[in-house]
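Read the structure below first, then the notes.
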Amino acid sequence: MNIHLNTFNKQLCHFSFLLLSILSAWVAHAQEQIIWQLNHAPPSTIVHGEFKNKGFIDLILKEIIDQLPQYEHVIEVSTLASSSFEIRAKKNVCLPALFDTPERQKFMVFSNASIAHPSNRIVLLKSKALTMPASNLRHLLANKALFIGLDQARSYGSYIDAILADFEPADNIYRRESESPNGLIEMVVAGRLDYTLAYPFQIQYYLQSHGFNGDNPLIEQKIEGLEPFSMGKVACADTPWGRNVIKQVNEVLARIKPTKAYQNAMTTWWRQSAADPTFVEYYQNVFLTH
C-alpha cells in the first residue's frame, strides 16, 4: 500500500509541477503582451478603408514595435473613452500618441515625446468668417449663439483644455463620443455646428476624402496664444508593468527619433507643413530633446 501511495504522491507532485510550469509560462506570456489601442482618426490613425494602417501614427507605432521584439504586440480598435477605462482598470494597454495632462497622470504613465505636429486650429465655414472672427477661442466660447463641437474624451492640449474648463458645461459646447473627430468637421460643413477644433492634416484629409478638390468651403484659423506645434507621448497604465514598458519605449525613442525613417513616418500625411523651417527647427531643438 505504501508503495502505491508513494507512487501516487510522486505522480501528483509531477502533475502539480507541470501545472505550475504551464501557469507560470502563461502568466509570463500575458505579461509580455502589449495591447496597443487605436481609434479611427484619419490621417493620424486609419483602422479601415483604402489607407488602413497607413496613418502617420500607425507608421510610427510600427517603427516602435519593430524595436520591441521581446513583446507580443496586439493592435485593437477602440475609442479613446474605452481605452481610458481599460487603462484605469490597470490592463496591459498602451496608446502610441497622447497628450500628457494632469488628469491622465493620475492613472497613466507617459514616455518622452513620440510625435510632434502642427497644433489645433479653429475650423469654420468661409461664409461665416466675416461675421465670426475666429482667432480668440475665449471670445468665441463666450458667444452663446455660436455652437462648437468637440470630441467627448479628447484632450486638446493643456492650453485649450484650460480655456474649455472655464466655460464647460455650457449649452453651446457640444461634446460627442465619436469614432472619428472628422465627423465634427462634416457637421461644420453641413451647418449643424458653427465651428470645431481640428489639426490642419485632419482638415486636408477630410477635404480630399470628400472630393473637395480646389473647392474648399472651410477656413482654418490659428488659435491666439497657442504654440504652433504640439507633442504627444506613448501612454500606458500606471502599473509596474506599464512603467517598465515606458522605460523600454524611451530607450527605443532615443535611438529612432533622429532617423530619417522615423521622421518620414511621422510626417507622411503633412509633408508640406513638415518642410516649414519653423517646424524643422522645432523638430531638432524641441522634439528630439523631449
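FYI, nothing fancy with the C-alpha cells labels: chains A, B, ... in order, residues from 1 per chain, ligands from 1 as they appear.
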
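Residues with any atom within 12 Å of Phe167 (chain A), counting only C-alpha atoms and excluding same-chain neighbours fewer than 4 positions away, are Leu137, Arg138, His139, Leu140, Leu141, Ala142, Asn143, Lys144, Ile148, Ile160, Asp161, Ala162, Ile163, Asp171, Asn172, Ile173 and Tyr174 of chain A.
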
Next on the checklist: Using only C-alpha atoms, which protein or nucleic acid residues come within 6 Å of region 103-114 of chain A? Drop anything in the same chain fewer than 5 positions from it, and give the result as a list in words.
Outcome noted: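 With the cut-off at 6 Å, the set is Arg88, Gly232, Lys233, Val234, Ala235, Cys236, Ala237, Asp238, Ile246, Asn250 and His290 of chain A.
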
Those selected residues, please, written with N, CA, C and O atoms and delivered as a CSV table (one decimal), in the first residue's frame.
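Listed below is the output, out_0.csv:
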```csv
chain,number,residue,atom,x,y,z
A,88,ARG,N,-7.5,52.7,-16.8
A,88,ARG,CA,-7.8,52.9,-15.4
A,88,ARG,C,-8.0,51.6,-14.6
A,88,ARG,O,-7.7,51.5,-13.4
A,232,GLY,N,2.9,64.6,-28.7
A,232,GLY,CA,2.2,63.5,-28.0
A,232,GLY,C,3.2,62.5,-27.5
A,232,GLY,O,4.3,62.5,-27.9
A,233,LYS,N,2.7,61.6,-26.6
A,233,LYS,CA,3.6,60.6,-25.9
A,233,LYS,C,2.9,59.3,-25.9
A,233,LYS,O,1.7,59.2,-25.9
A,234,VAL,N,3.7,58.2,-25.8
A,234,VAL,CA,3.2,56.9,-25.6
A,234,VAL,C,2.6,56.9,-24.1
A,234,VAL,O,3.3,57.4,-23.2
A,235,ALA,N,1.5,56.3,-24.0
A,235,ALA,CA,0.8,56.3,-22.6
A,235,ALA,C,0.5,54.8,-22.3
A,235,ALA,O,-0.1,54.1,-23.2
A,236,CYS,N,0.8,54.4,-21.1
A,236,CYS,CA,0.4,53.0,-20.6
A,236,CYS,C,-0.2,53.1,-19.2
A,236,CYS,O,-0.1,54.2,-18.6
A,237,ALA,N,-0.8,52.0,-18.8
A,237,ALA,CA,-1.4,52.0,-17.4
A,237,ALA,C,-0.2,52.3,-16.4
A,237,ALA,O,0.9,51.7,-16.6
A,238,ASP,N,-0.5,53.1,-15.4
A,238,ASP,CA,0.5,53.4,-14.4
A,238,ASP,C,0.6,52.2,-13.4
A,238,ASP,O,0.0,52.2,-12.3
A,246,ILE,N,7.3,51.7,-20.6
A,246,ILE,CA,7.6,53.1,-20.9
A,246,ILE,C,9.1,53.3,-20.8
A,246,ILE,O,9.7,54.0,-21.7
A,250,ASN,N,11.2,54.5,-24.1
A,250,ASN,CA,12.1,55.7,-24.1
A,250,ASN,C,13.4,55.4,-24.7
A,250,ASN,O,14.0,56.2,-25.4
A,290,HIS,N,13.0,66.1,-26.1
A,290,HIS,CA,11.9,65.8,-25.1
A,290,HIS,C,11.5,64.3,-25.2
A,290,HIS,O,11.6,63.7,-26.2
```

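Nearest to Gln202 (chain A) of all the residues A:Val47, A:Leu80, A:Ala261, A:Leu184 is A:Leu184, based on only C-alpha atoms.
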
Next on the checklist: Given only C-alpha atoms as the basis, pick out the residue of A:Gln204, A:Ser82, A:Asn285, A:Ser127 nearest to Gln152 (chain A).
Outcome noted: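 Of the candidates, the smallest distance to Gln152 (chain A) is held by A:Ser82.
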
Item to check | Nearby residues (only C-alpha atoms) at most 9 Å from Leu68 (chain A), same-chain spacing under 3 positions excluded, as a list in words | outcome: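 Listing them by chain and then by number gives Ile64, Ile65, Tyr71, Glu72, His73, Gln248, Val249 and Val252 of chain A.
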
Next on the checklist: Using DSSP assignments from the backbone, pull out every residue in region 71-185 of chain A that falls under strand (DSSP E or B) and give it to me as a ChimeraX atom specification.
Outcome noted: /A:72-77,93-98,108-118,121-125,148-151,173-176

Item to check | Long-range neighbours of region 205-209 of chain A as a PyMOL selection string, 12 Å cut-off, only C-alpha atoms, 2 positions minimum in chain | outcome: chain A and resi 41-46+49-51+55+180-189+198-203+211-219+268-270

Checklist entry - Ser119 (chain A): which residues within 12 Å, counting only C-alpha atoms, same-chain residues fewer than 4 positions away excluded, as a PyMOL selection string? => result chain A and resi 99+115+156-160+197-202+220-232+273+279

Item to check | CA of Arg255 (chain A) to CA of Pro240 (chain A), distance in Å rounded to a single decimal | outcome: 23.5 Å
